[in-house]
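Below is one structure, written out as structure tokens; the observations come after it.
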Amino acid sequence: MRIHPWLLIGVLACGGAVSCSGSKAPASCTPSGPTQTVQLQDFAFSPTCIGAPAGTQLVLQNTGAAEHTFTINDTPIDQSVDPGAGAEVQLTGLAPGTYPVICTLHPQMTATLVIS
């Protein structure tokens, strides 16, 4: 059996048995300080590297024209935010660590939350 070189390159680039799906592990980030407000705009979170002390609250502001969610994977936090509206998210009960954040309506919209 002959293996095409481009197929081999594709398999190696994807990490062998790991698929090249769109899901991402949290990117490493170092927040510049505690984040108080997260903007949901133009299909992006701002900042994309969110820092917060354990047990605090984040203010979400959707400045775009589409509904978004602020969903922290593997936690109960899944907050919808209508266009032009705001919301608050309590980080109570989340242990210090790094968490991936996604908009479930627009999966390309991701951020990383670092709780200290």
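Naming works like this for the structure tokens: A, B, ... for the chains as they're shown, residue 1 at the start of each chain, ligands 1 onward in shown order.
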
*For region 37-39 of chain A, please output as number ranges by chain all residues within 12 Å (counting only C-alpha atoms; exclusion window: fewer than 6 positions along the same chain).*
A: 45-52, 56-64, 68-70, 81, 83-89, 101, 109, 111-113

*Could you name the residues that touch Thr110 (chain A) at 9 Å or less, counting only C-alpha atoms, but leaving out those on the same chain fewer than 3 positions away, as a list of chain:residue names?*
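Here the answer would be A:Lys24, A:Pro26, A:Ala44, A:Phe45, A:Thr48, A:Pro100, A:Val101, A:Ile102, A:Cys103, A:His106, A:Pro107.
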
Would you export the selected residues with C-alpha atoms as a PDB file, in the first residue's frame, please?
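The resulting result25.pdb:
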ATOM      1  CA  LYS A  24      -9.642  24.240  21.107  1.00  0.00           C
ATOM      2  CA  PRO A  26      -7.701  27.052  26.378  1.00  0.00           C
ATOM      3  CA  ALA A  44     -15.375  38.223  19.474  1.00  0.00           C
ATOM      4  CA  PHE A  45     -14.823  38.551  23.203  1.00  0.00           C
ATOM      5  CA  THR A  48      -9.792  37.289  24.930  1.00  0.00           C
ATOM      6  CA  PRO A 100     -12.209  27.901  28.083  1.00  0.00           C
ATOM      7  CA  VAL A 101     -15.022  30.344  27.270  1.00  0.00           C
ATOM      8  CA  ILE A 102     -17.190  30.063  24.164  1.00  0.00           C
ATOM      9  CA  CYS A 103     -20.271  31.592  22.603  1.00  0.00           C
ATOM     10  CA  HIS A 106     -20.986  31.298  17.407  1.00  0.00           C
ATOM     11  CA  PRO A 107     -18.399  28.587  18.262  1.00  0.00           C
TER      12      PRO A 107
END
